[in-house]
Amino acid sequence: DDGKLDVSKIGRVKIILHRPIEGTIKTLTIKRTSTGKWFASFACEIESSLLPENSKVVGIDVGLAKFATLSTGEAIENPRFFKKSEKALAKVQRRFAKEEKGTPDRRFRRKAVALTHEKTANRRKDFAHKLSRNLVNDFGTICFEDLTIKTMVRGNLAKSIHDAAWTQLISFTSNKAECAGRRFVLVNPRNTSKMCSRCGALVEKELSIRVHNCPHCGLSLDRDWNAALNVLRLGLESLGTVPVEAPGFRRGE
């Protein structure tokens, strides 16, 4: 009311309302970030706004060389937000380490470090929100791999995997798909990169090999595109919209 929020046991607080409140307010959560910013988040009960029917389907393979590859052949580049901010982060961390403990300057430098992390996280979240919205708007059925990130973040790739934040994209897409009435499917990722999307034979290849070349049927295409096609097929199989064994397809042994 008049640019202010009336909170029980706190009083009237001046706010910046980012967007009109829709539906029936159920809860209000007030939180403070590590950089000293305050947010008031309303949880509201609203009617789902279903999107028009869409028969288009897509399988999505996520990775590091490319952030995501769609079964349509489209590739989405990896933005690598943390890598781009590493120099700026190292600079503010060095300045923070030089300050004497307990001093106002050290508290100031600590906030500068937190701000750098916050900016990176906000860019990553904005990217995931926009991409998930585009996927839900464009496709009626969306298939992802059911990844277990904890088992993947080991060795030299751990930092890059954390930076990619695939689970954030998958979570955002799942939530938007549910609200829009889209079908969202998670499939077992086992052998999606090895299996030939045309004949089903398993073709062993190192991570450095970026092209899938099948010695059985002669199929040659980008390995991530091949994986995305397998993700799509598995997703449609789980929905019962295609035969478990499609014509011309045999599972590799």
# chains A, B, ... in the order shown; residues from 1 in each chain; ligands from 1
call {"tool": "select_by_dssp", "arguments": {"residues": "region 18-179 of chain A", "states": "strand (DSSP E)", "output": "ChimeraX atom specification"}}
result
/A:24-32,38-45,57-62,66-70,75-77,141-145
call {"tool": "closest_residue", "arguments": {"among": "A:Ala65, A:Val7, A:Ile46, A:Leu89", "to": "Ser208 (chain A)", "atoms": "only C-alpha atoms"}}
result
A:Ala65
call {"tool": "select_by_dssp", "arguments": {"residues": "region 26-209 of chain A", "states": "helix (DSSP H, G or I)", "output": "ChimeraX atom specification"}}
result
/A:81-98,104-138,149-151,155-164,166-180
call {"tool": "closest_residue", "arguments": {"among": "A:Trp166, A:Phe108, A:Phe184, A:Phe139", "to": "Thr72 (chain A)", "atoms": "only C-alpha atoms"}}
result
A:Phe139
call {"tool": "closest_residue", "arguments": {"among": "A:Ser34, A:Asn226, A:Gln93, A:Thr173", "to": "Val136 (chain A)", "atoms": "only C-alpha atoms"}}
result
A:Thr173
call {"tool": "closest_residue", "arguments": {"among": "A:Ile149, A:Ile30, A:Met195, A:Val57", "to": "Thr167 (chain A)", "atoms": "only C-alpha atoms"}}
result
A:Ile149
call {"tool": "closest_residue", "arguments": {"among": "A:Pro189, A:Gly181, A:Gly73, A:Pro104", "to": "Trp225 (chain A)", "atoms": "only C-alpha atoms"}}
result
A:Gly73
call {"tool": "closest_residue", "arguments": {"among": "A:Ser171, A:Thr120, A:Ser160, A:Thr103", "to": "Phe67 (chain A)", "atoms": "only C-alpha atoms"}}
result
A:Ser160
call {"tool": "atom_distance", "arguments": {"atom1": "CA of Ser55 (chain A)", "atom2": "CA of Thr192 (chain A)"}}
result
23.6 Å
call {"tool": "residues_around", "arguments": {"residues": "Asp2 (chain A)", "least_positions_apart": "5", "cutoff": "12 Å", "atoms": "only C-alpha atoms", "output": "PyMOL selection string"}}
result
chain A and resi 12-17
call {"tool": "write_last_selection", "arguments": {"atoms": "N, CA and C atoms", "output": "mmCIF file, in the first residue's frame"}}
result
data_model
loop_
_atom_site.group_PDB
_atom_site.id
_atom_site.type_symbol
_atom_site.label_atom_id
_atom_site.label_comp_id
_atom_site.auth_asym_id
_atom_site.auth_seq_id
_atom_site.Cartn_x
_atom_site.Cartn_y
_atom_site.Cartn_z
ATOM 1 N N ARG A 12 5.477 -1.167 9.001
ATOM 2 C CA ARG A 12 5.438 -0.782 7.593
ATOM 3 C C ARG A 12 6.854 -0.548 7.069
ATOM 4 N N VAL A 13 7.157 -1.229 5.975
ATOM 5 C CA VAL A 13 8.496 -1.171 5.402
ATOM 6 C C VAL A 13 8.393 -0.682 3.964
ATOM 7 N N LYS A 14 9.234 0.268 3.590
ATOM 8 C CA LYS A 14 9.263 0.762 2.216
ATOM 9 C C LYS A 14 9.837 -0.308 1.300
ATOM 10 N N ILE A 15 9.163 -0.548 0.178
ATOM 11 C CA ILE A 15 9.600 -1.602 -0.734
ATOM 12 C C ILE A 15 9.574 -1.120 -2.183
ATOM 13 N N ILE A 16 10.271 -1.858 -3.031
ATOM 14 C CA ILE A 16 10.173 -1.706 -4.484
ATOM 15 C C ILE A 16 9.450 -2.939 -4.995
ATOM 16 N N LEU A 17 8.218 -2.758 -5.467
ATOM 17 C CA LEU A 17 7.414 -3.892 -5.932
ATOM 18 C C LEU A 17 7.812 -4.232 -7.359
#
call {"tool": "residues_around", "arguments": {"residues": "Ser41 (chain A)", "least_positions_apart": "2", "cutoff": "8 Å", "atoms": "only C-alpha atoms", "output": "ChimeraX atom specification"}}
result
/A:28-30,39,43
call {"tool": "write_last_selection", "arguments": {"atoms": "C-alpha atoms", "output": "mmCIF file, in the first residue's frame"}}
result
data_model
loop_
_atom_site.group_PDB
_atom_site.id
_atom_site.type_symbol
_atom_site.label_atom_id
_atom_site.label_comp_id
_atom_site.auth_asym_id
_atom_site.auth_seq_id
_atom_site.Cartn_x
_atom_site.Cartn_y
_atom_site.Cartn_z
ATOM 1 C CA LEU A 28 5.521 -14.112 3.022
ATOM 2 C CA THR A 29 9.226 -14.842 3.425
ATOM 3 C CA ILE A 30 11.703 -12.087 4.225
ATOM 4 C CA PHE A 39 13.912 -9.466 -0.225
ATOM 5 C CA ALA A 43 3.906 -17.380 -2.202
#
call {"tool": "residues_around", "arguments": {"residues": "region 236-241 of chain A", "least_positions_apart": "3", "cutoff": "12 Å", "atoms": "only C-alpha atoms", "output": "ChimeraX atom specification"}}
result
/A:55-59,140-144,183-188,229-233,244-246
